[in-house]
Amino acid sequence: MQIEKKDIRALSKEQLRDFFVTNNDKAFRGNQVYEWLWSKGAHSFEDMTNVSKETRQMLEGNFVINHIKVDTMQRSSDGTVKNAVRLHDGLIVESVLIPTETRTTACVSSQVGCSLDCNFCATARLKRMRNLEPGEIYDQVLAIDRESKLYFNRPLSNIVFMGMGEPLMNYNNVIKAIDMITSNEGLGMSPKRITVSTSGVSKMIRKMADDEVKFKLAVSLHSAIEETRNRIMPFTKSFPLPELREALEYWYHKTKSKITYEYVVWKGINDNKESVDALVKFCKYVPCKVNLIEYNPIDDGEFQQASPESINAYIKALDSNGIIAKVRHSRGKDIDAACGQLANKEV
Ligand code: SF4
């Protein structure tokens with residue numbers, strides 16, 4: 001039986017050093033190979049010219065290097081770029097570059113499909129096929145950084161984990177990817193420019209706090225009323241609001257980092273006073289700000305964008321309670337790159 005080889009980029013520098021020591025070589029060989037993989041972006045072991053032939057053959061026998069390939073790239077009339085990224089096993093994920101006057105933000109995927117079942121989201125219909133490897137997450141960022149330089153003459157400035165998948169359901173690989181993105185061997189980006197967005201997996205929020213991560217946290221809240229939240233995101237029955245609240249309090253206690261709540265207002269679902277009041281109350285537990293996100297219907301079903309008046313009612317109530325709230329207009333709607341629309345439609 002042939003053993004499936006592991007992607008060498010899933011190994012940390014320490015693990016790579018250990019691998020060489022276990023194989024009767026020097027630990028520093030691990031540093032050399034690591035540099036080839038990340039700083040020099042080697043696509044094959046053959047590229048590693050200062051590593052002996054025997055070592056390269058030994059690596060070849062144990063590992064593979066799985067790089068991604070941007071299959072198709074679409075540009076929206078508003079400048080947004082969407083990449084359909086092919087993985088080594090033929091599966092596809094999508095990532096998006098969102099340019100504004102002052103920033104270029106990459107929205108990247110963490111899973112193929114998604115483990116969760118948010119009723120308003122196109123990705124949820126794909127189901128989870130597998131988690132992305134750290135290198136596959138890193139490569140999406142690298143591809144967008146190149147496009148940012150090419151089309152906007154500036155490097156990527158921010159990253160949000162809001163593409164396909166729930167990042168906290170692929171925690172270890174997301175953390176490894178962020179370590180590379182922020183390390184000097186990678187892109188050397190500040191963790192303060194990275195936001196991980198979760199649907200509210202409480203126990204993993206606590207773990208992140210314990211791990212003292214330095215990036216920012218966003219939570220897709222969408223309702224601070226249990227029953228309504230369960231209707232929007234059925235899996236939240238396993239992560240009730242009191243548990244989420246406690247996890248967020250713990251996060252803030254440990255990190256002192258403000259939380260961003262992502263919130264969509266839907267017609268007939270959460271466009272009422274009771275929902276507004278519940279959100280204002282929830283926002284008082286932990287220092288936070290609120291992004292009210294414009295929704296892009298994925299069909300004619302129950303989730304439709306609420307009226308501007310209903311959104312204004314939220315802004316007014318949050319504002320009068322001293323909570324920062326902004327309306328975020330979706331970008332890239334014409335190429336299905338906007339929030340909740342990523343679903344590999346072109347493939
Ligand atoms: S909104 Fe995010 S967490 Fe929910 S199903 Fe879609 S990709 Fe998954």
# chains A, B, ... in the order shown; residues from 1 in each chain; ligands from 1
>>> residues_near_ligand(ligand="ligand 1", cutoff="7 Å", atoms="only C-alpha atoms and all ligand atoms", output="list in words")
Cys114, Ser115, Leu116, Asp117, Cys118, Cys121, Ala122, Thr123, Ala124, Met162, Gly163, Met164, Gly165, Glu166, Thr198, Ser199 and Gly340 of chain A
>>> residues_around(residues="segment 228-243 of chain A", least_positions_apart="4", cutoff="9 Å", atoms="only C-alpha atoms", output="list in words")
Leu116, Asp117, Cys118, Asn119, Phe120, Ser199, Gly200, Val201, Ser202, Lys203, Leu221, His222, Ser223, Ala224, Ala247, Leu248, Ile269, Asn270, Ser275 and Phe303 of chain A
>>> atom_distance(atom1="atom CA of Val174 of chain A", atom2="atom CA of Ile137 of chain A")
7.4 Å
>>> closest_residue(among="A:Tyr171, A:Tyr263, A:Trp36, A:Phe282", to="Ala306 of chain A", atoms="only C-alpha atoms")
A:Tyr263
>>> select_by_dssp(residues="segment 181-273 of chain A", states="alpha helix (DSSP H)", output="MDAnalysis selection string")
chainID A and resid 181:182 202:210 226:232 241:255 273
>>> write_last_selection(atoms="C-alpha atoms", output="PDB file, in the first residue's frame")
ATOM      1  CA  ILE A 181       2.251  35.505   7.213  1.00  0.00           C
ATOM      2  CA  THR A 182       3.582  37.495  10.181  1.00  0.00           C
ATOM      3  CA  SER A 202     -17.000  29.562  22.130  1.00  0.00           C
ATOM      4  CA  LYS A 203     -14.472  26.965  23.244  1.00  0.00           C
ATOM      5  CA  MET A 204     -12.081  27.964  20.459  1.00  0.00           C
ATOM      6  CA  ILE A 205     -12.427  31.664  21.347  1.00  0.00           C
ATOM      7  CA  ARG A 206     -11.236  30.692  24.829  1.00  0.00           C
ATOM      8  CA  LYS A 207      -8.375  28.683  23.348  1.00  0.00           C
ATOM      9  CA  MET A 208      -7.269  31.667  21.245  1.00  0.00           C
ATOM     10  CA  ALA A 209      -7.293  33.827  24.359  1.00  0.00           C
ATOM     11  CA  ASP A 210      -5.204  31.236  26.209  1.00  0.00           C
ATOM     12  CA  GLU A 226     -31.169  32.923  20.992  1.00  0.00           C
ATOM     13  CA  GLU A 227     -34.166  31.738  18.998  1.00  0.00           C
ATOM     14  CA  THR A 228     -33.531  34.120  16.096  1.00  0.00           C
ATOM     15  CA  ARG A 229     -29.823  33.283  16.032  1.00  0.00           C
ATOM     16  CA  ASN A 230     -30.649  29.564  15.921  1.00  0.00           C
ATOM     17  CA  ARG A 231     -32.951  30.187  12.971  1.00  0.00           C
ATOM     18  CA  ILE A 232     -30.213  32.057  11.083  1.00  0.00           C
ATOM     19  CA  LEU A 241     -25.368  33.042  23.612  1.00  0.00           C
ATOM     20  CA  PRO A 242     -24.538  32.966  27.366  1.00  0.00           C
ATOM     21  CA  GLU A 243     -21.611  30.656  26.568  1.00  0.00           C
ATOM     22  CA  LEU A 244     -20.505  32.959  23.741  1.00  0.00           C
ATOM     23  CA  ARG A 245     -20.777  35.967  26.009  1.00  0.00           C
ATOM     24  CA  GLU A 246     -18.587  34.303  28.655  1.00  0.00           C
ATOM     25  CA  ALA A 247     -16.004  33.300  26.032  1.00  0.00           C
ATOM     26  CA  LEU A 248     -15.877  36.882  24.718  1.00  0.00           C
ATOM     27  CA  GLU A 249     -15.510  38.289  28.204  1.00  0.00           C
ATOM     28  CA  TYR A 250     -12.655  35.852  28.736  1.00  0.00           C
ATOM     29  CA  TRP A 251     -11.094  36.902  25.402  1.00  0.00           C
ATOM     30  CA  TYR A 252     -11.185  40.566  26.350  1.00  0.00           C
ATOM     31  CA  HIS A 253      -9.902  39.909  29.863  1.00  0.00           C
ATOM     32  CA  LYS A 254      -6.873  38.063  28.418  1.00  0.00           C
ATOM     33  CA  THR A 255      -6.135  40.093  25.272  1.00  0.00           C
ATOM     34  CA  LYS A 273     -37.096  46.752  17.956  1.00  0.00           C
TER      35      LYS A 273
END
>>> residues_around(residues="Tyr138 of chain A", least_positions_apart="4", cutoff="9 Å", atoms="only C-alpha atoms", output="ChimeraX atom specification")
/A:133-134,142-143,177-178,180-181,186
>>> write_last_selection(atoms="all heavy atoms", output="CSV table (one decimal), in the first residue's frame")
chain,number,residue,atom,x,y,z
A,133,GLU,N,-4.7,23.3,4.2
A,133,GLU,CA,-3.3,23.2,4.8
A,133,GLU,C,-2.8,24.6,5.1
A,133,GLU,O,-3.2,25.5,4.3
A,133,GLU,CB,-2.4,22.4,3.9
A,133,GLU,CG,-2.7,21.0,3.7
A,133,GLU,CD,-2.5,20.2,5.0
A,133,GLU,OE1,-1.6,20.5,5.8
A,133,GLU,OE2,-3.3,19.2,5.2
A,134,PRO,N,-1.9,24.8,6.0
A,134,PRO,CA,-1.3,26.1,6.2
A,134,PRO,C,-0.7,26.8,5.0
A,134,PRO,O,-1.0,27.9,4.7
A,134,PRO,CB,-0.2,25.9,7.3
A,134,PRO,CG,-0.5,24.6,7.9
A,134,PRO,CD,-1.3,23.8,6.9
A,142,LEU,N,-0.5,35.2,-0.6
A,142,LEU,CA,0.6,35.6,-1.5
A,142,LEU,C,0.1,36.0,-2.9
A,142,LEU,O,0.6,37.0,-3.5
A,142,LEU,CB,1.6,34.4,-1.6
A,142,LEU,CG,3.0,34.6,-1.9
A,142,LEU,CD1,3.7,35.5,-0.8
A,142,LEU,CD2,3.8,33.3,-2.1
A,143,ALA,N,-0.8,35.2,-3.4
A,143,ALA,CA,-1.4,35.5,-4.7
A,143,ALA,C,-2.1,36.8,-4.7
A,143,ALA,O,-1.9,37.6,-5.6
A,143,ALA,CB,-2.4,34.4,-5.1
A,177,ALA,N,-0.6,29.2,9.5
A,177,ALA,CA,-0.6,30.1,8.3
A,177,ALA,C,-0.3,31.5,8.8
A,177,ALA,O,0.5,32.3,8.2
A,177,ALA,CB,-1.9,30.0,7.5
A,178,ILE,N,-1.0,32.0,9.8
A,178,ILE,CA,-0.8,33.3,10.3
A,178,ILE,C,0.6,33.5,10.8
A,178,ILE,O,1.3,34.5,10.6
A,178,ILE,CB,-1.8,33.7,11.4
A,178,ILE,CG1,-3.2,33.7,10.8
A,178,ILE,CG2,-1.5,35.0,12.1
A,178,ILE,CD1,-4.4,34.0,11.8
A,180,MET,N,3.2,32.2,9.6
A,180,MET,CA,4.1,32.4,8.5
A,180,MET,C,3.8,33.8,7.8
A,180,MET,O,4.8,34.5,7.4
A,180,MET,CB,3.8,31.3,7.4
A,180,MET,CG,4.5,30.0,7.6
A,180,MET,SD,6.2,30.2,8.1
A,180,MET,CE,6.9,31.3,6.8
A,181,ILE,N,2.6,34.2,7.8
A,181,ILE,CA,2.3,35.5,7.2
A,181,ILE,C,2.9,36.6,8.0
A,181,ILE,O,3.4,37.6,7.5
A,181,ILE,CB,0.7,35.7,7.2
A,181,ILE,CG1,0.1,34.7,6.2
A,181,ILE,CG2,0.3,37.1,6.8
A,181,ILE,CD1,-1.4,34.6,6.4
A,186,GLY,N,8.2,34.9,6.1
A,186,GLY,CA,7.0,35.0,5.2
A,186,GLY,C,6.8,36.4,4.7
A,186,GLY,O,7.7,37.0,4.1
>>> select_by_dssp(residues="segment 102-294 of chain A", states="strand (DSSP E)", output="number ranges by chain")
A: 104-107, 111-112, 130-131, 158-161, 194-198, 216-220, 259-263, 288-293
>>> write_last_selection(atoms="N, CA, C and O atoms", output="compact mmCIF listing (two decimals), in the first residue's frame")
# COMPACT_ATOMS: atom_id res chain seq x y z
N THR A 104 -5.73 47.64 0.90
CA THR A 104 -6.15 46.49 0.08
C THR A 104 -6.23 45.31 1.04
O THR A 104 -5.28 44.99 1.74
N THR A 105 -7.40 44.72 1.07
CA THR A 105 -7.67 43.65 2.03
C THR A 105 -7.86 42.33 1.29
O THR A 105 -8.56 42.27 0.28
N ALA A 106 -7.25 41.27 1.84
CA ALA A 106 -7.47 39.94 1.29
C ALA A 106 -8.49 39.23 2.16
O ALA A 106 -8.35 39.21 3.38
N CYS A 107 -9.51 38.67 1.53
CA CYS A 107 -10.47 37.84 2.25
C CYS A 107 -10.18 36.41 1.84
O CYS A 107 -10.32 36.06 0.67
N GLN A 111 -11.39 26.62 4.72
CA GLN A 111 -11.83 25.25 4.48
C GLN A 111 -12.38 25.15 3.05
O GLN A 111 -12.78 26.17 2.48
N VAL A 112 -12.42 23.92 2.52
CA VAL A 112 -13.12 23.73 1.25
C VAL A 112 -14.56 23.43 1.63
O VAL A 112 -14.84 22.42 2.26
N ARG A 130 -12.87 19.45 3.06
CA ARG A 130 -11.66 19.25 3.88
C ARG A 130 -11.15 20.60 4.39
O ARG A 130 -11.58 21.66 3.92
N ASN A 131 -10.24 20.51 5.35
CA ASN A 131 -9.58 21.71 5.85
C ASN A 131 -8.45 22.10 4.91
O ASN A 131 -7.84 21.23 4.30
N ASN A 158 -4.20 44.38 4.64
CA ASN A 158 -4.99 43.70 5.68
C ASN A 158 -5.44 42.32 5.20
O ASN A 158 -5.56 42.10 4.01
N ILE A 159 -5.73 41.47 6.17
CA ILE A 159 -6.26 40.14 5.83
C ILE A 159 -7.45 39.84 6.73
O ILE A 159 -7.39 40.09 7.94
N VAL A 160 -8.51 39.33 6.14
CA VAL A 160 -9.64 38.87 6.96
C VAL A 160 -9.91 37.40 6.61
O VAL A 160 -9.91 37.03 5.44
N PHE A 161 -10.11 36.60 7.64
CA PHE A 161 -10.50 35.20 7.44
C PHE A 161 -12.02 35.16 7.41
O PHE A 161 -12.66 34.81 8.39
N ILE A 194 -4.55 41.59 10.83
CA ILE A 194 -5.23 40.34 10.48
C ILE A 194 -6.45 40.16 11.39
O ILE A 194 -6.35 40.34 12.60
N THR A 195 -7.58 39.83 10.79
CA THR A 195 -8.80 39.58 11.59
C THR A 195 -9.30 38.17 11.30
O THR A 195 -9.49 37.80 10.13
N VAL A 196 -9.50 37.40 12.36
CA VAL A 196 -10.11 36.08 12.21
C VAL A 196 -11.58 36.22 12.59
O VAL A 196 -11.91 36.71 13.67
N SER A 197 -12.43 35.81 11.67
CA SER A 197 -13.86 35.97 11.90
C SER A 197 -14.50 34.61 12.16
O SER A 197 -14.37 33.70 11.35
N THR A 198 -15.17 34.49 13.28
CA THR A 198 -15.81 33.23 13.62
C THR A 198 -17.32 33.41 13.75
O THR A 198 -17.80 34.51 14.04
N LYS A 216 -6.78 40.20 15.43
CA LYS A 216 -8.08 40.68 15.93
C LYS A 216 -9.17 39.62 15.75
O LYS A 216 -9.04 38.74 14.90
N LEU A 217 -10.21 39.80 16.52
CA LEU A 217 -11.32 38.83 16.49
C LEU A 217 -12.60 39.52 16.03
O LEU A 217 -12.95 40.60 16.51
N ALA A 218 -13.28 38.88 15.09
CA ALA A 218 -14.62 39.33 14.69
C ALA A 218 -15.58 38.16 14.90
O ALA A 218 -15.19 37.00 14.74
N VAL A 219 -16.80 38.47 15.28
CA VAL A 219 -17.80 37.43 15.52
C VAL A 219 -19.04 37.73 14.68
O VAL A 219 -19.58 38.84 14.72
N SER A 220 -19.47 36.74 13.90
CA SER A 220 -20.72 36.90 13.15
C SER A 220 -21.86 36.67 14.12
O SER A 220 -22.16 35.53 14.47
N ILE A 259 -13.69 43.57 20.26
CA ILE A 259 -14.30 42.60 19.32
C ILE A 259 -15.11 43.36 18.28
O ILE A 259 -15.72 44.40 18.59
N THR A 260 -15.11 42.83 17.07
CA THR A 260 -16.02 43.39 16.05
C THR A 260 -17.17 42.42 15.87
O THR A 260 -16.94 41.22 15.65
N TYR A 261 -18.39 42.90 15.97
CA TYR A 261 -19.54 42.05 15.66
C TYR A 261 -19.98 42.31 14.23
O TYR A 261 -20.19 43.45 13.84
N GLU A 262 -20.07 41.23 13.47
CA GLU A 262 -20.60 41.33 12.10
C GLU A 262 -22.09 41.05 12.21
O GLU A 262 -22.51 40.09 12.86
N TYR A 263 -22.87 41.88 11.56
CA TYR A 263 -24.31 41.78 11.77
C TYR A 263 -25.04 42.15 10.47
O TYR A 263 -24.83 43.22 9.92
N CYS A 288 -16.52 46.75 22.11
CA CYS A 288 -16.73 46.23 20.76
C CYS A 288 -17.11 47.34 19.79
O CYS A 288 -17.35 48.47 20.19
N LYS A 289 -17.15 46.98 18.52
CA LYS A 289 -17.79 47.83 17.52
C LYS A 289 -18.65 46.92 16.64
O LYS A 289 -18.48 45.69 16.67
N VAL A 290 -19.54 47.51 15.87
CA VAL A 290 -20.47 46.70 15.08
C VAL A 290 -20.35 47.07 13.61
O VAL A 290 -20.36 48.25 13.25
N ASN A 291 -20.19 46.05 12.76
CA ASN A 291 -20.28 46.26 11.32
C ASN A 291 -21.63 45.76 10.84
O ASN A 291 -21.92 44.56 10.97
N LEU A 292 -22.44 46.66 10.34
CA LEU A 292 -23.73 46.25 9.77
C LEU A 292 -23.48 45.99 8.28
O LEU A 292 -23.18 46.91 7.52
N ILE A 293 -23.56 44.74 7.91
CA ILE A 293 -23.12 44.35 6.56
C ILE A 293 -24.30 44.24 5.59
O ILE A 293 -25.32 43.61 5.90
>>> atom_distance(atom1="atom CA of Val276 of chain A", atom2="atom CA of Asp319 of chain A")
11.8 Å
>>> residues_around(residues="Lys13 of chain A", least_positions_apart="4", cutoff="8 Å", atoms="only C-alpha atoms", output="PyMOL selection string")
chain A and resi 17+30-31+34
>>> write_last_selection(atoms="N, CA, C and O atoms", output="PDB file, in the first residue's frame")
ATOM      1  N   ARG A  17      13.326  20.876  11.924  1.00  0.00           N
ATOM      2  CA  ARG A  17      14.634  20.666  12.562  1.00  0.00           C
ATOM      3  C   ARG A  17      14.672  19.280  13.227  1.00  0.00           C
ATOM      4  O   ARG A  17      15.627  18.534  13.071  1.00  0.00           O
ATOM      5  N   GLY A  30      17.240  21.874   8.783  1.00  0.00           N
ATOM      6  CA  GLY A  30      15.819  22.256   8.848  1.00  0.00           C
ATOM      7  C   GLY A  30      15.641  23.732   8.523  1.00  0.00           C
ATOM      8  O   GLY A  30      14.709  24.111   7.808  1.00  0.00           O
ATOM      9  N   ASN A  31      16.535  24.576   9.056  1.00  0.00           N
ATOM     10  CA  ASN A  31      16.450  26.029   8.771  1.00  0.00           C
ATOM     11  C   ASN A  31      16.622  26.298   7.282  1.00  0.00           C
ATOM     12  O   ASN A  31      15.900  27.106   6.700  1.00  0.00           O
ATOM     13  N   TYR A  34      13.585  25.202   5.399  1.00  0.00           N
ATOM     14  CA  TYR A  34      12.484  26.109   5.760  1.00  0.00           C
ATOM     15  C   TYR A  34      12.582  27.414   4.959  1.00  0.00           C
ATOM     16  O   TYR A  34      11.600  27.924   4.440  1.00  0.00           O
TER      17      TYR A  34
END
>>> atom_distance(atom1="atom CA of Leu97 of chain A", atom2="atom CA of Pro308 of chain A")
26.8 Å
>>> residues_around(residues="Ile335 of chain A", least_positions_apart="4", cutoff="9 Å", atoms="only C-alpha atoms", output="ChimeraX atom specification")
/A:74-77,80-82
